[in-house]
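Asker: Just one file: data.pdb, with PDB, C-alpha atoms, pLDDT in the B column.
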ATOM      1  CA  MET A 228     105.986  55.128  55.056  1.00 47.00           C
ATOM      2  CA  SER A 229     102.443  53.758  55.487  1.00 44.00           C
ATOM      3  CA  CYS A 230      99.588  55.570  57.161  1.00 42.00           C
ATOM      4  CA  LYS A 231      99.715  53.065  60.024  1.00 41.00           C
ATOM      5  CA  ASN A 232     103.109  54.383  61.014  1.00 45.00           C
ATOM      6  CA  PHE A 233     101.539  57.768  61.732  1.00 38.00           C
ATOM      7  CA  VAL A 234      98.536  56.558  63.721  1.00 37.00           C
ATOM      8  CA  LEU A 235     100.212  55.566  67.003  1.00 38.00           C
ATOM      9  CA  PRO A 236     102.465  58.651  67.310  1.00 40.00           C
ATOM     10  CA  LEU A 237      99.523  60.894  66.485  1.00 37.00           C
ATOM     11  CA  LEU A 238      97.328  59.137  69.043  1.00 38.00           C
ATOM     12  CA  LEU A 239      99.981  59.397  71.743  1.00 38.00           C
ATOM     13  CA  LEU A 240     100.504  63.066  70.946  1.00 39.00           C
ATOM     14  CA  SER A 241      96.766  63.699  71.194  1.00 40.00           C
ATOM     15  CA  LEU A 242      96.526  61.896  74.540  1.00 36.00           C
ATOM     16  CA  TRP A 243      99.527  63.836  75.860  1.00 38.00           C
ATOM     17  CA  GLY A 244      97.830  67.071  74.818  1.00 42.00           C
ATOM     18  CA  LEU A 245      94.630  66.104  76.610  1.00 38.00           C
ATOM     19  CA  CYS A 246      96.531  65.167  79.757  1.00 39.00           C
ATOM     20  CA  LYS A 247      98.428  68.426  79.640  1.00 41.00           C
ATOM     21  CA  GLU A 248      95.215  70.371  79.132  1.00 39.00           C
ATOM     22  CA  GLY A 249      93.573  68.499  81.991  1.00 43.00           C
ATOM     23  CA  ALA A 250      96.480  69.245  84.309  1.00 44.00           C
ATOM     24  CA  GLN A 251      96.149  72.913  83.507  1.00 51.00           C
ATOM     25  CA  ALA A 252      92.356  72.939  83.490  1.00 67.00           C
ATOM     26  CA  CYS A 253      92.173  74.526  86.933  1.00 82.00           C
ATOM     27  CA  SER A 254      94.552  77.416  87.387  1.00 83.00           C
ATOM     28  CA  CYS A 255      94.014  80.658  89.230  1.00 86.00           C
ATOM     29  CA  PHE A 256      95.577  84.090  88.985  1.00 87.00           C
ATOM     30  CA  PRO A 257      96.837  85.114  92.441  1.00 88.00           C
ATOM     31  CA  MET A 258      94.254  87.128  94.325  1.00 92.00           C
ATOM     32  CA  HIS A 259      94.564  88.796  97.693  1.00 92.00           C
ATOM     33  CA  PRO A 260      91.802  87.600 100.065  1.00 94.00           C
ATOM     34  CA  GLN A 261      90.329  91.110 100.006  1.00 93.00           C
ATOM     35  CA  GLU A 262      89.915  90.922  96.218  1.00 94.00           C
ATOM     36  CA  VAL A 263      87.848  87.751  96.590  1.00 95.00           C
ATOM     37  CA  TYR A 264      85.873  89.329  99.419  1.00 96.00           C
ATOM     38  CA  CYS A 265      85.067  92.398  97.321  1.00 95.00           C
ATOM     39  CA  GLN A 266      83.655  90.505  94.341  1.00 95.00           C
ATOM     40  CA  ALA A 267      80.056  91.600  93.974  1.00 94.00           C
ATOM     41  CA  ASP A 268      78.446  88.196  94.442  1.00 94.00           C
ATOM     42  CA  ALA A 269      80.801  86.893  97.129  1.00 96.00           C
ATOM     43  CA  VAL A 270      79.346  85.538 100.359  1.00 96.00           C
ATOM     44  CA  VAL A 271      81.799  85.345 103.252  1.00 97.00           C
ATOM     45  CA  ILE A 272      81.081  83.119 106.227  1.00 97.00           C
ATOM     46  CA  LYS A 273      82.641  81.242 109.091  1.00 97.00           C
ATOM     47  CA  ALA A 274      81.333  77.694 109.203  1.00 98.00           C
ATOM     48  CA  LYS A 275      82.120  74.218 110.496  1.00 98.00           C
ATOM     49  CA  VAL A 276      82.141  71.248 108.125  1.00 98.00           C
ATOM     50  CA  VAL A 277      79.875  68.549 109.583  1.00 98.00           C
ATOM     51  CA  GLY A 278      79.489  66.152 106.654  1.00 97.00           C
ATOM     52  CA  VAL A 279      80.875  65.207 103.238  1.00 96.00           C
ATOM     53  CA  THR A 280      79.148  63.654 100.219  1.00 94.00           C
ATOM     54  CA  PRO A 281      81.657  62.750  97.462  1.00 91.00           C
ATOM     55  CA  GLY A 282      80.904  63.839  93.919  1.00 83.00           C
ATOM     56  CA  MET A 283      80.162  60.740  91.846  1.00 79.00           C
ATOM     57  CA  GLU A 284      79.816  60.440  88.068  1.00 75.00           C
ATOM     58  CA  GLY A 285      80.614  64.072  87.426  1.00 75.00           C
ATOM     59  CA  LYS A 286      78.332  65.423  90.134  1.00 89.00           C
ATOM     60  CA  LEU A 287      79.449  68.129  92.542  1.00 95.00           C
ATOM     61  CA  LYS A 288      80.881  67.246  95.925  1.00 95.00           C
ATOM     62  CA  LYS A 289      78.754  68.416  98.840  1.00 96.00           C
ATOM     63  CA  TYR A 290      79.968  69.593 102.219  1.00 97.00           C
ATOM     64  CA  ASP A 291      77.333  69.949 104.915  1.00 98.00           C
ATOM     65  CA  ILE A 292      78.155  72.935 107.099  1.00 98.00           C
ATOM     66  CA  GLU A 293      77.080  74.510 110.345  1.00 97.00           C
ATOM     67  CA  LEU A 294      76.985  78.293 109.926  1.00 97.00           C
ATOM     68  CA  ILE A 295      78.738  80.210 112.693  1.00 97.00           C
ATOM     69  CA  LYS A 296      78.940  83.782 111.390  1.00 96.00           C
ATOM     70  CA  THR A 297      78.207  85.770 108.220  1.00 96.00           C
ATOM     71  CA  PHE A 298      80.727  88.500 107.336  1.00 95.00           C
ATOM     72  CA  LYS A 299      79.305  89.473 103.947  1.00 95.00           C
ATOM     73  CA  GLY A 300      76.170  88.595 102.025  1.00 93.00           C
ATOM     74  CA  ALA A 301      72.599  87.805 102.926  1.00 84.00           C
ATOM     75  CA  GLU A 302      71.932  86.833 106.519  1.00 83.00           C
ATOM     76  CA  LYS A 303      70.853  83.368 105.501  1.00 87.00           C
ATOM     77  CA  LEU A 304      71.226  80.000 107.177  1.00 93.00           C
ATOM     78  CA  PHE A 305      73.557  78.335 104.688  1.00 95.00           C
ATOM     79  CA  THR A 306      73.749  74.603 105.240  1.00 96.00           C
ATOM     80  CA  ALA A 307      75.906  73.292 102.394  1.00 97.00           C
ATOM     81  CA  ILE A 308      78.886  73.998 100.145  1.00 97.00           C
ATOM     82  CA  TYR A 309      79.003  72.541  96.628  1.00 97.00           C
ATOM     83  CA  THR A 310      82.271  72.247  94.729  1.00 96.00           C
ATOM     84  CA  GLY A 311      83.946  70.279  91.960  1.00 93.00           C
ATOM     85  CA  PRO A 312      84.411  66.545  92.614  1.00 91.00           C
ATOM     86  CA  ASN A 313      88.222  66.818  92.656  1.00 88.00           C
ATOM     87  CA  PRO A 314      91.056  69.406  92.395  1.00 87.00           C
ATOM     88  CA  ALA A 315      91.338  68.900  88.621  1.00 87.00           C
ATOM     89  CA  ALA A 316      87.726  70.058  88.394  1.00 89.00           C
ATOM     90  CA  CYS A 317      88.545  73.077  90.573  1.00 91.00           C
ATOM     91  CA  GLY A 318      87.043  71.447  93.634  1.00 93.00           C
ATOM     92  CA  VAL A 319      88.086  72.571  97.109  1.00 95.00           C
ATOM     93  CA  THR A 320      89.093  70.094  99.791  1.00 95.00           C
ATOM     94  CA  LEU A 321      87.667  70.665 103.260  1.00 97.00           C
ATOM     95  CA  THR A 322      87.996  68.538 106.390  1.00 97.00           C
ATOM     96  CA  LYS A 323      85.065  67.359 108.454  1.00 97.00           C
ATOM     97  CA  GLY A 324      85.035  68.813 111.942  1.00 97.00           C
ATOM     98  CA  VAL A 325      87.128  71.864 111.036  1.00 98.00           C
ATOM     99  CA  GLU A 326      85.923  75.473 111.173  1.00 98.00           C
ATOM    100  CA  TYR A 327      86.715  77.556 108.074  1.00 98.00           C
ATOM    101  CA  LEU A 328      86.586  81.061 106.706  1.00 98.00           C
ATOM    102  CA  LEU A 329      84.799  80.504 103.383  1.00 98.00           C
ATOM    103  CA  MET A 330      84.261  82.849 100.454  1.00 97.00           C
ATOM    104  CA  GLY A 331      81.824  81.483  97.895  1.00 96.00           C
ATOM    105  CA  ARG A 332      78.779  82.350  95.812  1.00 95.00           C
ATOM    106  CA  PRO A 333      75.060  81.632  96.201  1.00 94.00           C
ATOM    107  CA  TYR A 334      74.218  78.348  94.521  1.00 93.00           C
ATOM    108  CA  SER A 335      70.734  77.091  95.320  1.00 86.00           C
ATOM    109  CA  ASN A 336      68.403  77.285  98.264  1.00 85.00           C
ATOM    110  CA  ALA A 337      70.611  77.456 101.359  1.00 91.00           C
ATOM    111  CA  SER A 338      73.900  76.501  99.706  1.00 95.00           C
ATOM    112  CA  LEU A 339      77.039  78.112  98.316  1.00 96.00           C
ATOM    113  CA  HIS A 340      79.298  77.128  95.425  1.00 96.00           C
ATOM    114  CA  MET A 341      83.084  77.311  95.763  1.00 96.00           C
ATOM    115  CA  HIS A 342      86.067  76.611  93.516  1.00 91.00           C
ATOM    116  CA  ARG A 343      89.813  76.613  94.032  1.00 91.00           C
ATOM    117  CA  CYS A 344      90.134  80.261  93.014  1.00 90.00           C
ATOM    118  CA  ASP A 345      87.974  81.285  95.960  1.00 94.00           C
ATOM    119  CA  PHE A 346      89.458  81.901  99.386  1.00 95.00           C
ATOM    120  CA  TYR A 347      89.083  79.272 102.083  1.00 96.00           C
ATOM    121  CA  GLN A 348      91.221  78.715 105.153  1.00 96.00           C
ATOM    122  CA  PRO A 349      90.811  76.858 108.433  1.00 97.00           C
ATOM    123  CA  TRP A 350      89.816  79.472 110.976  1.00 97.00           C
ATOM    124  CA  ASP A 351      92.641  78.437 113.295  1.00 96.00           C
ATOM    125  CA  ALA A 352      95.157  78.982 110.461  1.00 94.00           C
ATOM    126  CA  LEU A 353      94.248  82.675 110.174  1.00 93.00           C
ATOM    127  CA  SER A 354      96.518  85.098 111.964  1.00 87.00           C
ATOM    128  CA  ASN A 355      94.959  87.281 114.636  1.00 89.00           C
ATOM    129  CA  LYS A 356      95.637  90.305 112.436  1.00 88.00           C
ATOM    130  CA  GLN A 357      93.898  88.687 109.473  1.00 89.00           C
ATOM    131  CA  ARG A 358      90.828  88.047 111.572  1.00 91.00           C
ATOM    132  CA  ASP A 359      90.912  91.725 112.538  1.00 89.00           C
ATOM    133  CA  VAL A 360      91.355  93.223 109.060  1.00 88.00           C
ATOM    134  CA  LEU A 361      88.643  90.902 107.733  1.00 92.00           C
ATOM    135  CA  TYR A 362      86.147  93.347 109.246  1.00 90.00           C
ATOM    136  CA  HIS A 363      87.678  96.176 107.165  1.00 88.00           C
ATOM    137  CA  TYR A 364      87.956  94.472 103.757  1.00 91.00           C
ATOM    138  CA  GLY A 365      84.644  95.955 102.665  1.00 91.00           C
ATOM    139  CA  GLU A 366      85.864  99.505 103.275  1.00 85.00           C
ATOM    140  CA  GLY A 367      88.417  99.170 100.484  1.00 85.00           C
ATOM    141  CA  CYS A 368      86.350  97.579  97.741  1.00 89.00           C
ATOM    142  CA  SER A 369      86.696 100.748  95.646  1.00 86.00           C
ATOM    143  CA  CYS A 370      90.471 100.357  95.773  1.00 87.00           C
ATOM    144  CA  THR A 371      92.586  98.198  93.469  1.00 87.00           C
ATOM    145  CA  ILE A 372      95.160  95.686  94.677  1.00 89.00           C
ATOM    146  CA  LYS A 373      97.976  95.406  92.153  1.00 88.00           C
ATOM    147  CA  THR A 374      99.930  92.144  92.232  1.00 90.00           C
ATOM    148  CA  CYS A 375     103.688  92.618  91.807  1.00 89.00           C
ATOM    149  CA  PHE A 376     105.630  89.811  90.142  1.00 89.00           C
ATOM    150  CA  SER A 377     108.877  91.638  89.294  1.00 86.00           C
ATOM    151  CA  PHE A 378     110.742  94.916  89.704  1.00 83.00           C
ATOM    152  CA  PRO A 379     109.991  97.717  89.208  1.00 85.00           C
ATOM    153  CA  CYS A 380     106.479  97.632  90.613  1.00 85.00           C
ATOM    154  CA  CYS A 381     104.908 101.028  91.215  1.00 85.00           C
ATOM    155  CA  ILE A 382     101.427 102.412  91.503  1.00 82.00           C
ATOM    156  CA  THR A 383     100.009 103.974  88.341  1.00 83.00           C
ATOM    157  CA  VAL A 384      96.860 105.506  89.815  1.00 80.00           C
ATOM    158  CA  PRO A 385      96.148 106.797  93.326  1.00 78.00           C
ATOM    159  CA  THR A 386      93.628 104.027  94.005  1.00 80.00           C
ATOM    160  CA  GLU A 387      96.133 101.168  94.078  1.00 82.00           C
ATOM    161  CA  CYS A 388      97.864  99.158  96.769  1.00 86.00           C
ATOM    162  CA  LEU A 389     100.921  97.131  95.785  1.00 86.00           C
ATOM    163  CA  TRP A 390     100.769  93.451  96.766  1.00 88.00           C
ATOM    164  CA  THR A 391     104.372  92.266  96.988  1.00 86.00           C
ATOM    165  CA  ASP A 392     104.025  88.719  98.340  1.00 88.00           C
ATOM    166  CA  TYR A 393     105.055  87.350  94.930  1.00 87.00           C
ATOM    167  CA  LEU A 394     108.193  89.434  94.535  1.00 86.00           C
ATOM    168  CA  PRO A 395     111.616  87.776  94.947  1.00 80.00           C
ATOM    169  CA  LYS A 396     112.562  87.396  98.618  1.00 71.00           C
ATOM    170  CA  MET A 397     109.046  88.465  99.627  1.00 66.00           C
ATOM    171  CA  ALA A 398     107.184  85.167  99.205  1.00 62.00           C
ATOM    172  CA  ASN A 399     106.096  84.900 102.820  1.00 68.00           C
ATOM    173  CA  GLY A 400     102.394  85.666 102.486  1.00 75.00           C
ATOM    174  CA  LYS A 401     102.696  88.513 104.980  1.00 82.00           C
ATOM    175  CA  GLN A 402     100.460  90.951 103.129  1.00 84.00           C
ATOM    176  CA  ALA A 403      97.832  88.321 102.374  1.00 86.00           C
ATOM    177  CA  GLN A 404      97.749  87.283 106.018  1.00 85.00           C
ATOM    178  CA  ASN A 405      97.970  90.643 107.759  1.00 85.00           C
ATOM    179  CA  PHE A 406      97.001  93.533 105.486  1.00 86.00           C
ATOM    180  CA  ALA A 407      93.942  95.177 103.962  1.00 87.00           C
ATOM    181  CA  CYS A 408      93.789  97.950 101.354  1.00 86.00           C
ATOM    182  CA  ILE A 409      91.412 100.680 102.506  1.00 82.00           C
ATOM    183  CA  LYS A 410      90.799 104.368 101.974  1.00 76.00           C
ATOM    184  CA  LYS A 411      92.258 107.047 104.185  1.00 70.00           C
ATOM    185  CA  ARG A 412      89.962 109.403 106.047  1.00 59.00           C
ATOM    186  CA  GLY A 413      91.497 112.849 106.024  1.00 39.00           C
ATOM    187  CA  GLU A 414      95.132 112.499 107.041  1.00 28.00           C
ATOM    188  CA  THR A 415      94.604 109.958 109.779  1.00 24.00           C
ATOM    189  CA  ILE A 416      95.946 106.450 109.346  1.00 27.00           C
ATOM    190  CA  PHE A 417      94.077 103.846 111.328  1.00 28.00           C
ATOM    191  CA  MET A 418      91.792 100.820 110.824  1.00 36.00           C
ATOM    192  CA  GLY A 419      92.727  97.400 112.104  1.00 37.00           C
ATOM    193  CA  SER A 420      96.095  96.044 113.103  1.00 42.00           C
ATOM    194  CA  ASP A 421      97.862  96.074 109.757  1.00 48.00           C
ATOM    195  CA  VAL A 422      96.446  97.927 106.790  1.00 52.00           C
ATOM    196  CA  MET A 423      97.441  98.553 103.166  1.00 50.00           C
ATOM    197  CA  HIS A 424      96.421 102.153 103.315  1.00 43.00           C
ATOM    198  CA  ALA A 425      95.247 104.789 100.927  1.00 39.00           C
ATOM    199  CA  PRO A 426      94.398 106.870  99.031  1.00 42.00           C
ATOM    200  CA  CYS A 427      94.543 103.154  98.274  1.00 45.00           C
ATOM    201  CA  HIS A 428      98.201 103.087  97.307  1.00 39.00           C
ATOM    202  CA  ARG A 429     100.073 102.564 100.543  1.00 44.00           C
ATOM    203  CA  TRP A 430     100.378  99.615 102.888  1.00 46.00           C
ATOM    204  CA  THR A 431     100.340 100.734 106.482  1.00 42.00           C
ATOM    205  CA  ASN A 432     101.005  99.067 109.779  1.00 41.00           C
ATOM    206  CA  LYS A 433      99.145 100.555 112.718  1.00 41.00           C
ATOM    207  CA  LYS A 434     102.259 100.174 114.850  1.00 43.00           C
ATOM    208  CA  ASN A 435     104.322 102.106 112.306  1.00 42.00           C
ATOM    209  CA  ASN A 436     102.159 104.727 110.643  1.00 41.00           C
ATOM    210  CA  ASN A 437     105.131 106.272 108.851  1.00 39.00           C
ATOM    211  CA  ALA A 438     105.336 103.155 106.672  1.00 39.00           C
ATOM    212  CA  GLY A 439     102.432 104.497 104.645  1.00 38.00           C
ATOM    213  CA  ARG A 440     103.893 107.956 104.035  1.00 36.00           C
ATOM    214  CA  ARG A 441     106.728 107.137 101.635  1.00 34.00           C
ATOM    215  CA  ALA A 442     107.300 107.391  97.925  1.00 31.00           C
ATOM    216  CA  ILE A 443     105.195 105.667  95.301  1.00 35.00           C
ATOM    217  CA  CYS A 444     107.794 102.916  94.814  1.00 33.00           C
ATOM    218  CA  VAL A 445     108.122 102.413  98.543  1.00 30.00           C
ATOM    219  CA  LEU A 446     108.017  98.616  98.404  1.00 30.00           C
ATOM    220  CA  LYS A 447     110.797  98.401  95.855  1.00 29.00           C
ATOM    221  CA  LEU A 448     112.905 100.831  97.857  1.00 29.00           C
ATOM    222  CA  GLU A 449     112.346  98.949 101.092  1.00 32.00           C
ATOM    223  CA  ILE A 450     113.339  95.650  99.477  1.00 30.00           C
ATOM    224  CA  GLN A 451     116.483  97.145  98.009  1.00 31.00           C
ATOM    225  CA  SER A 452     117.516  98.485 101.379  1.00 28.00           C
ATOM    226  CA  SER A 453     117.220  94.996 102.892  1.00 30.00           C
ATOM    227  CA  PHE A 454     119.634  93.323 100.461  1.00 27.00           C
TER     228      PHE A 454
END
Please, can you express the file's structure as structure tokens?
Answerer:
Amino acid sequence: MSCKNFVLPLLLLSLWGLCKEGAQACSCFPMHPQEVYCQADAVVIKAKVVGVTPGMEGKLKKYDIELIKTFKGAEKLFTAIYTGPNPAACGVTLTKGVEYLLMGRPYSNASLHMHRCDFYQPWDALSNKQRDVLYHYGEGCSCTIKTCFSFPCCITVPTECLWTDYLPKMANGKQAQNFACIKKRGETIFMGSDVMHAPCHRWTNKKNNNAGRRAICVLKLEIQSSF
């Protein structure tokens, strides 16, 4: 067989590999919103998108914003968000005229940089409880949120909260939308509407404080009892 017979298959294989790599170029490990919030350089704001400048020829896309409130970071009048030109480049997609909760990083002057692994949601899409616990995220930054993908899923150190939204039959986003992982003060359970409580290893609902006083594998046990 001549060398020419190998060229086309090899070229097609190479192109397929590049396409596959490109499709997987932007992937993110699941992170609870509080984990993004607690990253050292994270800036968390509420802002309205007032303009969009598409990213051309490899340049970043720019969203002009109107700052409404700063939850974390320097009290600075941020006026723009920069992001990748498209989703394949890890760019975020925002809609003009919509107010968002945005978690990004300082970029230049009065702007922030964001990518798809950051947290961003239309403000109106946040649950009332999520808006409440947002004010308590910072109190649990010394805790660790452990993502559970399969059973068994138990805490290994007393500074963990189990995040079970990715477990079978639990994929409803409830903990991401309504819970925060924070430290306990003494023996009193409180803080916000719904809280993943501590010493950082128990999720607690203010309306049902006993939910945070069970065994280490409480989430697995609760799921089993619901089958």
Asker: Take the PyMOL selection byres ((chain A and resi 327) around 8), run it mentally on this structure, and tell me the resulting residues as a VMD selection string.
Answerer: chain A and resid 273 to 276 325 to 326 328 to 329 347 to 351
Asker: Kindly export the residues of the current selection with C-alpha atoms, as a PDB file, in the coordinates of the input.
Answerer:
ATOM      1  CA  LYS A 273      82.641  81.242 109.091  1.00 97.00           C
ATOM      2  CA  ALA A 274      81.333  77.694 109.203  1.00 98.00           C
ATOM      3  CA  LYS A 275      82.120  74.218 110.496  1.00 98.00           C
ATOM      4  CA  VAL A 276      82.141  71.248 108.125  1.00 98.00           C
ATOM      5  CA  VAL A 325      87.128  71.864 111.036  1.00 98.00           C
ATOM      6  CA  GLU A 326      85.923  75.473 111.173  1.00 98.00           C
ATOM      7  CA  LEU A 328      86.586  81.061 106.706  1.00 98.00           C
ATOM      8  CA  LEU A 329      84.799  80.504 103.383  1.00 98.00           C
ATOM      9  CA  TYR A 347      89.083  79.272 102.083  1.00 96.00           C
ATOM     10  CA  GLN A 348      91.221  78.715 105.153  1.00 96.00           C
ATOM     11  CA  PRO A 349      90.811  76.858 108.433  1.00 97.00           C
ATOM     12  CA  TRP A 350      89.816  79.472 110.976  1.00 97.00           C
ATOM     13  CA  ASP A 351      92.641  78.437 113.295  1.00 96.00           C
TER      14      ASP A 351
END
Asker: Quick one: apply the PyMOL selection byres ((chain A and resi 369) around 9) to the file and drop the selected residues here as a list of chain:residue names.
Answerer: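 Answer for the PyMOL selection byres ((chain A and resi 369) around 9): A:Cys265, A:Gly365, A:Glu366, A:Gly367, A:Cys368, A:Cys370, A:Thr371, A:Thr386, A:Ile409, A:Lys410, A:Cys427.
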Asker: Find the residue from A:Pro281, A:Pro257, A:Gly400, A:Pro379 that sits nearest to Gly318 in chain A; use all atoms listed in the file when measuring.
Answerer: A:Pro281
Asker: Can you work out which one of A:Thr383, A:Asn313, A:Thr320, A:Ser354 has the shortest atom-to-atom distance to Met283 in chain A, counting all atoms listed in the file?
Answerer: A:Asn313
Asker: Between A:Val263, A:Cys344, A:Cys255, A:Ala337, which has the minimum distance to Glu293 in chain A (counting only C-alpha atoms)?
Answerer: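 Closest to Glu293 in chain A of all the choices is A:Ala337.
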Asker: Find the residue from A:Met258, A:Leu304, A:Cys253, A:Val360 that sits nearest to Tyr393 in chain A; use all atoms listed in the file when measuring.
Answerer: A:Met258
Asker: Taking only C-alpha atoms into account, name the residue in A:Gly324, A:Leu361, A:Glu262, A:Pro314 that is nearest to Lys299 in chain A.
Answerer: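 Comparing A:Gly324, A:Leu361, A:Glu262, A:Pro314 against Lys299 in chain A, the winner is A:Leu361.
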Asker: Here's the selection I'm unsure about, the PyMOL selection byres ((chain A and resi 312) around 10); applied to the file above, which residues does it give, as number ranges by chain?
Answerer: A: 280-289, 309-311, 313-320
Asker: Using Å and a single decimal, report how far CA of His363 in chain A sits from CA of Pro385 in chain A.
Answerer: 19.4 Å
Asker: Measure the distance from CA of Ile272 in chain A to CA of Leu294 in chain A in Å and round it to one decimal.
Answerer: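 Value for the CA of Ile272 in chain A-CA of Leu294 in chain A distance: 7.3 Å.
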Asker: Could you name the residues that touch Pro395 in chain A at 10 Å or less, counting all atoms listed in the file, but leaving out those on the same chain fewer than 4 positions away, as a PyMOL selection string?
Answerer: chain A and resi 375-378+391+450
Asker: Please produce a file of the residues just selected, as a CSV table (one decimal), in the frame of the given file, where the atoms kept are C-alpha atoms.
Answerer:
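Output (result_2.csv):
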chain,number,residue,atom,x,y,z
A,375,CYS,CA,103.7,92.6,91.8
A,376,PHE,CA,105.6,89.8,90.1
A,377,SER,CA,108.9,91.6,89.3
A,378,PHE,CA,110.7,94.9,89.7
A,391,THR,CA,104.4,92.3,97.0
A,450,ILE,CA,113.3,95.6,99.5
Asker: Out of A:Ile292, A:Ser254, A:Ala407, A:Gly300, which residue has the shortest atom-to-atom distance to Lys323 in chain A when counting only C-alpha atoms?
Answerer: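 Using only C-alpha atoms, the shortest distance to Lys323 in chain A belongs to A:Ile292.
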